[in-house]
2 protein chains.
Amino acid sequence: MQIEIITIGNELLIGQVIDTNSAWMGQQLNDAGFDVHRITSIQDTREAITSALTEAMSRVDVVLLTGGIGPTKDDITKETLASIFNSRLIYSQEAHDNMTRLLKGRVKGINKQNESQAYVPECCELINNPVGTAPVMWFDEEGKVIVSMPGVPGEMKTAMRNEIIPRLKKKYKTGHILHQTIQIFNIPEAVLAEKLEGWEDTIPEYMSLAYLPSPGKIRLRLTAKTDNEERAHEDFNLLKDSLHAIVGQNVFAEKDVPANKLIGDKLKELNRTISVAESCTGGNIGHLLTSVPGSSVYFKGGIVAYDNAIKAQVLNVDNEALEQFGAVSKQVVEQMARGVKELMKTDYAIATSGIAGPDGGTDEKPVGAVWIAIAGDFGVMSHCYNFGKIRSRNIQRASDAGLIMLLQKINNKLH
Amino acid sequence: MQIEIITIGNELLIGQVIDTNSAWMGQQLNDAGFDVHRITSIQDTREAITSALTEAMSRVDVVLLTGGIGPTKDDITKETLASIFNSRLIYSQEAHDNMTRLLKGRVKGINKQNESQAYVPECCELINNPVGTAPVMWFDEEGKVIVSMPGVPGEMKTAMRNEIIPRLKKKYKTGHILHQTIQIFNIPEAVLAEKLEGWEDTIPEYMSLAYLPSPGKIRLRLTAKTDNEERAHEDFNLLKDSLHAIVGQNVFAEKDVPANKLIGDKLKELNRTISVAESCTGGNIGHLLTSVPGSSVYFKGGIVAYDNAIKAQVLNVDNEALEQFGAVSKQVVEQMARGVKELMKTDYAIATSGIAGPDGGTDEKPVGAVWIAIAGDFGVMSHCYNFGKIRSRNIQRASDAGLIMLLQKINNKLH
């Protein structure tokens with residue numbers, strides 16, 4: 001059984017609003033064992049809705065629509081659905097009562113615009129919307145299921161969780177779906193793909209593999225469609241083991257969790273603390289670490305030493321090293337890591353110093369050259385990366401690399 | 001002339017990746033005067049690509065595709081495009097040279113997988129991709145333009161900005177479009193809309209207004225479709241003046257430039273320097289400031305004082321203040337601002353201390369309560385905001401508010 005999602009609204013097409021609804025729906029449906037065939041964003045015109053919906057119905061069994069049914073007058077989804085299904089809008093006491101309940105106590109109460117929301121196509125079944133005044137409408141037409149939901153994420157999610165997914169599961173028998181994500185860093189996608197050619201051939205028929213690259217790292221996702229969960233987990237483990245034999249050094253996680261959360265969980269587990277000394281990353285590593293709720297337990301603080309004077313004065317980097325080797329050097333970045341670790345009395349520290357670009361590069365130290373050091377009970381170690389020419393990507397990759405380097409070292413995967 | 005966007009990748013359909021590319025493209029194309037008719041996300045199969053592309057070509061003049069052209073096996077977009085256009089894949093020296101240039105100095109260099117990227121449909125024109133090894137392909141077929149781009153945002157954006165939008169503008173005469181954006185902060189959208197009801201009625205017929213809200217601020221964008229540029233600018237100025245009379249205190253910019261860039265330009269213009277002392281923002285203000293190329297001219301550095309010991313030890317906040325008023329207090333945040341300004345010998349400083357959440361709130365200091373201080377030749381001033389319950393949004397709003405507070409003060413709009 002295949003599903004298509006249609007999201008309605010001009011704001012999506014001019015980029016005023018990013019369509020996060022369909023991503024969330026895709027995730028929920030996929031986890032429930034349904035296959036999302038296509039996602040379409042369209043303008044809220046009668047023509048756009050009619051053509052998109054009829055096309056989708058010709059391809060798949062279930063079409064889920066979001067948006068275009070609020071109280072404002074430009075919302076014509078309901079009328080369009082009624083005419084597509086040769087139905088008419090009728091007044092629904094049920095919809096009206098739901099509205100009365102929700103708007104009780106509001107200063108304004110039910111106004112004319114809300115009133116119009118109580119009119120729904122005669123041929124649809126109303127689905128309870130406990131959190132909003134817009135109707136959720138379920139249509140059984142021509143052997144297909146069409147569901148129209150509000151675009152407000154909270155209302156859509158409630159309807160999906162409480163009603164739509166359970167109903168779809170009851171109506172259509174779904175295959176069981178399992179995922180296994182393995183995260184790999186510091187290896188280009190092309191190189192990884194070449195190394196894994198043989199490994200990929202060992203993936204059983206009922207599994208599929210996806211490369212999900214992002215700057216500096218690649219998530220490998222295995223998807224198994226099977227009712228034999230036990231066998232799937234055995235096969236996942238076999239594949240993980242053989243993958244480790246090939247690129248074990250580059251594997252930093254066997255679940256789909258970002259590095260800042262992974263290192264945080266590890267530090268909490270070990271009851272250790274961390275501080276950071278950032279030059280080219282400018283505070284982003286601190287930002288990533290503190291984006292995780294509860295990070296104050298292990299993150300003490302950081303020094304953003306953008307100016308060399310701060311490196312010397314606050315982090316005790318010797319001016320000789322700065323003059324002799326320059327700020328972007330093994331010597332300086334290691335002194336930065338030691339310096340902040342001592343200053344903030346933490347178990348671990350990460351330090352970065354590099355040429356973020358677009359300017360400031362030399363032949364010897366081109367834009368993208370970044371020295372990263374980590375410090376801990378193991379002493380200090382550092383590595384020089386080259387992250388290429390785009391400033392934002394350099395900052396992002398250097399931040400990730402610092403977190404992953406320390407994570408790998410703590411997990412004894414870095415020597 | 002109408003455009004459709006097709007984004008290719010299973011990861012979009014199962015919600016593992018949110019499709020931010022097409023939102024960004026929609027915004028850029030809209031600003032350039034083009035009309036995005038539909039956005040479609042599909043699986044990377046030959047069938048899905050073929051049907052989606054041929055359908056789109058039957059509806060519109062230009063189809064922009066992203067994704068599905070990396071070096072890995074599962075990327076079959078190129079082959080599919082070649083067969084749709086009855087063409088064949090040929091070896092492109094140009095694509096190969098671009099790769100050689102990009103991979104120069106990398107340990108691995110070009111491998112078999114990369115090699116395959118040098119093969120492109122014979123009928124396409126290659127467009128320069130300065131930041132990636134994947135080809136950007138421009139097709140002129142059946143009077144339509146089809147462009148295939150990598151899904152990596154940095155590569156897609158570079159190609160769109162440098163080549164594709166300029167080429168489309170040259171090929172298709174777009175109506176003359178002028179934009180005037182006014183940025184407003186610290187006022188809820190509903191309240192602003194109510195205040196501006198009368199003002200909106202004064203907007204001339206040939207102009208339209210869009211509210212572009214993001215956490216803590218709202219961009220008002222006036223769009224004029226006209227060939228009379230002079231008159232449009234006159235009307236823009238009249239509207240700006242009357243807007244200032246209503247919400248002048250809340251206006252922090254009359255162009256569509258983010259706060260971190262605005263403050264950077266101002267500091268460069270004044271030849272002044274800045275430092276930051278961050279608690280609840282955890283390094284994000286430093287990150288925002290250093291995201292701007294050339295920021296090392298005015299940004300000296302920062303202290304992320306997450307732990308109170310760091311506030312006292314590095315920023316010289318007195319322990320009495322910490323004990324008596326707590327870390328989230330006027331007294332402490334103002335001492336943090338003074339402390340970092342003196343430590344880093346800068347002209348200005350921004351400091352933050354708040355409850356980012358989700359935990360740690362009290363009746364007196366609920367989650368979302370953030371004290372922000374700015375320091376400069378004017379002395380120190382501070383303000384307490386409440387940014388609500390969502391951690392990521394608190395951090396984002398507090399960072400913005402700090403930058404905007406200082407910007408407003410420097411522009412004598414804060415008293």
# chains A, B, ... in the order shown; residues from 1 in each chain; ligands from 1
call {"tool": "interface_residues", "arguments": {"of": "chain B", "to": "chain A", "cutoff": "6 Å", "atoms": "only C-alpha atoms", "output": "NGL selection string"}}
result
:B and (13-15 or 18 or 23-24 or 26-27 or 30 or 36 or 38-42 or 71-72 or 113 or 282-284 or 286-287 or 290 or 300-307)
call {"tool": "residues_around", "arguments": {"residues": "stretch 87-104 of chain B", "least_positions_apart": "2", "cutoff": "12 Å", "atoms": "only C-alpha atoms", "output": "ChimeraX atom specification"}}
result
/A:188,190-191,386-389 /B:71,76-85,106-137,139,141
call {"tool": "calpha_fit_rmsd", "arguments": {"fixed": "chain A", "moving": "chain B"}}
result
4.0 Å
call {"tool": "select_by_dssp", "arguments": {"residues": "stretch 150-266 of chain A", "states": "strand (DSSP E)", "output": "PyMOL selection string"}}
result
chain A and resi 177-185+207-214+217-225+251-253
call {"tool": "residues_around", "arguments": {"residues": "B:Ala351", "least_positions_apart": "2", "cutoff": "9 Å", "atoms": "only C-alpha atoms", "output": "PyMOL selection string"}}
result
chain B and resi 275-279+333-338+340+349+353+371-375+382+402
call {"tool": "write_last_selection", "arguments": {"atoms": "N, CA and C atoms", "output": "mmCIF file, in the first residue's frame"}}
result
data_model
loop_
_atom_site.group_PDB
_atom_site.id
_atom_site.type_symbol
_atom_site.label_atom_id
_atom_site.label_comp_id
_atom_site.auth_asym_id
_atom_site.auth_seq_id
_atom_site.Cartn_x
_atom_site.Cartn_y
_atom_site.Cartn_z
ATOM 1 N N SER B 275 33.313 42.005 22.561
ATOM 2 C CA SER B 275 33.520 40.693 23.184
ATOM 3 C C SER B 275 32.195 40.264 23.803
ATOM 4 N N VAL B 276 32.089 38.971 24.127
ATOM 5 C CA VAL B 276 30.836 38.464 24.690
ATOM 6 C C VAL B 276 31.095 37.587 25.910
ATOM 7 N N ALA B 277 30.147 37.618 26.848
ATOM 8 C CA ALA B 277 30.178 36.733 28.020
ATOM 9 C C ALA B 277 28.859 35.980 28.043
ATOM 10 N N GLU B 278 28.897 34.692 27.739
ATOM 11 C CA GLU B 278 27.665 33.941 27.538
ATOM 12 C C GLU B 278 27.462 32.863 28.586
ATOM 13 N N SER B 279 26.278 32.884 29.190
ATOM 14 C CA SER B 279 25.902 31.737 30.018
ATOM 15 C C SER B 279 24.856 30.910 29.264
ATOM 16 N N VAL B 333 24.495 39.606 35.439
ATOM 17 C CA VAL B 333 24.681 39.749 33.992
ATOM 18 C C VAL B 333 25.424 41.062 33.668
ATOM 19 N N GLU B 334 25.173 42.092 34.463
ATOM 20 C CA GLU B 334 25.884 43.358 34.215
ATOM 21 C C GLU B 334 27.363 43.229 34.588
ATOM 22 N N GLN B 335 27.636 42.487 35.665
ATOM 23 C CA GLN B 335 29.052 42.248 36.023
ATOM 24 C C GLN B 335 29.739 41.394 34.959
ATOM 25 N N MET B 336 28.990 40.468 34.358
ATOM 26 C CA MET B 336 29.574 39.639 33.296
ATOM 27 C C MET B 336 29.974 40.512 32.102
ATOM 28 N N ALA B 337 29.092 41.426 31.740
ATOM 29 C CA ALA B 337 29.370 42.306 30.590
ATOM 30 C C ALA B 337 30.590 43.179 30.880
ATOM 31 N N ARG B 338 30.610 43.796 32.069
ATOM 32 C CA ARG B 338 31.769 44.622 32.456
ATOM 33 C C ARG B 338 33.034 43.770 32.453
ATOM 34 N N VAL B 340 33.950 40.930 30.928
ATOM 35 C CA VAL B 340 34.532 40.499 29.659
ATOM 36 C C VAL B 340 35.054 41.709 28.871
ATOM 37 N N ALA B 349 30.478 45.106 24.821
ATOM 38 C CA ALA B 349 30.332 43.714 25.250
ATOM 39 C C ALA B 349 28.851 43.377 25.385
ATOM 40 N N SER B 353 22.489 35.679 30.692
ATOM 41 C CA SER B 353 22.326 34.695 31.755
ATOM 42 C C SER B 353 20.840 34.408 31.926
ATOM 43 N N TRP B 371 18.281 37.279 31.345
ATOM 44 C CA TRP B 371 18.825 38.617 31.533
ATOM 45 C C TRP B 371 19.902 38.855 30.470
ATOM 46 N N ILE B 372 19.825 40.009 29.799
ATOM 47 C CA ILE B 372 20.812 40.369 28.796
ATOM 48 C C ILE B 372 21.372 41.745 29.131
ATOM 49 N N ALA B 373 22.696 41.854 29.124
ATOM 50 C CA ALA B 373 23.338 43.146 29.397
ATOM 51 C C ALA B 373 24.220 43.538 28.224
ATOM 52 N N ILE B 374 24.292 44.857 27.961
ATOM 53 C CA ILE B 374 25.241 45.383 26.984
ATOM 54 C C ILE B 374 26.099 46.434 27.680
ATOM 55 N N ALA B 375 27.378 46.481 27.295
ATOM 56 C CA ALA B 375 28.299 47.451 27.906
ATOM 57 C C ALA B 375 29.025 48.204 26.801
ATOM 58 N N SER B 382 20.829 46.707 31.068
ATOM 59 C CA SER B 382 20.373 45.321 30.961
ATOM 60 C C SER B 382 18.854 45.274 30.930
ATOM 61 N N GLY B 402 20.396 40.013 22.232
ATOM 62 C CA GLY B 402 21.635 40.655 22.660
ATOM 63 C C GLY B 402 22.245 41.483 21.547
#
call {"tool": "select_by_dssp", "arguments": {"residues": "stretch 221-324 of chain A", "states": "alpha helix (DSSP H)", "output": "PyMOL selection string"}}
result
chain A and resi 229-247+259-270+284-290+308-315+319-324
call {"tool": "residues_around", "arguments": {"residues": "A:Ile203", "least_positions_apart": "2", "cutoff": "10 Å", "atoms": "only C-alpha atoms", "output": "PDB file with N, CA and C atoms, in the first residue's frame"}}
result
ATOM      1  N   GLY A 198      32.066  -4.375  -1.881  1.00  0.00           N
ATOM      2  CA  GLY A 198      31.915  -5.796  -1.565  1.00  0.00           C
ATOM      3  C   GLY A 198      30.929  -5.996  -0.424  1.00  0.00           C
ATOM      4  N   TRP A 199      31.055  -5.154   0.593  1.00  0.00           N
ATOM      5  CA  TRP A 199      30.170  -5.264   1.755  1.00  0.00           C
ATOM      6  C   TRP A 199      28.716  -5.107   1.343  1.00  0.00           C
ATOM      7  N   GLU A 200      28.455  -4.161   0.465  1.00  0.00           N
ATOM      8  CA  GLU A 200      27.071  -3.910   0.039  1.00  0.00           C
ATOM      9  C   GLU A 200      26.465  -5.146  -0.604  1.00  0.00           C
ATOM     10  N   ASP A 201      27.323  -5.923  -1.293  1.00  0.00           N
ATOM     11  CA  ASP A 201      26.803  -7.125  -1.954  1.00  0.00           C
ATOM     12  C   ASP A 201      26.356  -8.180  -0.949  1.00  0.00           C
ATOM     13  N   GLU A 205      18.572  -9.607   0.569  1.00  0.00           N
ATOM     14  CA  GLU A 205      17.524  -9.098  -0.336  1.00  0.00           C
ATOM     15  C   GLU A 205      16.517  -8.189   0.366  1.00  0.00           C
ATOM     16  N   TYR A 206      16.096  -8.599   1.559  1.00  0.00           N
ATOM     17  CA  TYR A 206      14.969  -7.900   2.207  1.00  0.00           C
ATOM     18  C   TYR A 206      15.415  -6.604   2.890  1.00  0.00           C
ATOM     19  N   MET A 207      16.722  -6.279   2.748  1.00  0.00           N
ATOM     20  CA  MET A 207      17.229  -5.022   3.320  1.00  0.00           C
ATOM     21  C   MET A 207      17.649  -4.076   2.211  1.00  0.00           C
ATOM     22  N   SER A 208      17.584  -2.769   2.523  1.00  0.00           N
ATOM     23  CA  SER A 208      18.110  -1.770   1.584  1.00  0.00           C
ATOM     24  C   SER A 208      19.065  -0.854   2.345  1.00  0.00           C
ATOM     25  N   LEU A 209      19.994  -0.240   1.591  1.00  0.00           N
ATOM     26  CA  LEU A 209      21.005   0.631   2.186  1.00  0.00           C
ATOM     27  C   LEU A 209      20.874   2.040   1.613  1.00  0.00           C
ATOM     28  N   LEU A 222      20.548   1.150   7.133  1.00  0.00           N
ATOM     29  CA  LEU A 222      20.007  -0.124   6.659  1.00  0.00           C
ATOM     30  C   LEU A 222      18.529  -0.181   7.011  1.00  0.00           C
ATOM     31  N   ASP A 235      21.112 -10.146  11.344  1.00  0.00           N
ATOM     32  CA  ASP A 235      21.747  -9.667  10.109  1.00  0.00           C
ATOM     33  C   ASP A 235      22.354  -8.272  10.304  1.00  0.00           C
ATOM     34  N   PHE A 236      21.643  -7.407  11.046  1.00  0.00           N
ATOM     35  CA  PHE A 236      22.200  -6.083  11.355  1.00  0.00           C
ATOM     36  C   PHE A 236      23.560  -6.253  12.031  1.00  0.00           C
ATOM     37  N   LEU A 238      25.647  -8.830  12.055  1.00  0.00           N
ATOM     38  CA  LEU A 238      26.660  -9.368  11.132  1.00  0.00           C
ATOM     39  C   LEU A 238      27.198  -8.265  10.228  1.00  0.00           C
ATOM     40  N   LEU A 239      26.283  -7.453   9.721  1.00  0.00           N
ATOM     41  CA  LEU A 239      26.694  -6.376   8.804  1.00  0.00           C
ATOM     42  C   LEU A 239      27.539  -5.333   9.536  1.00  0.00           C
TER      43      LEU A 239
END
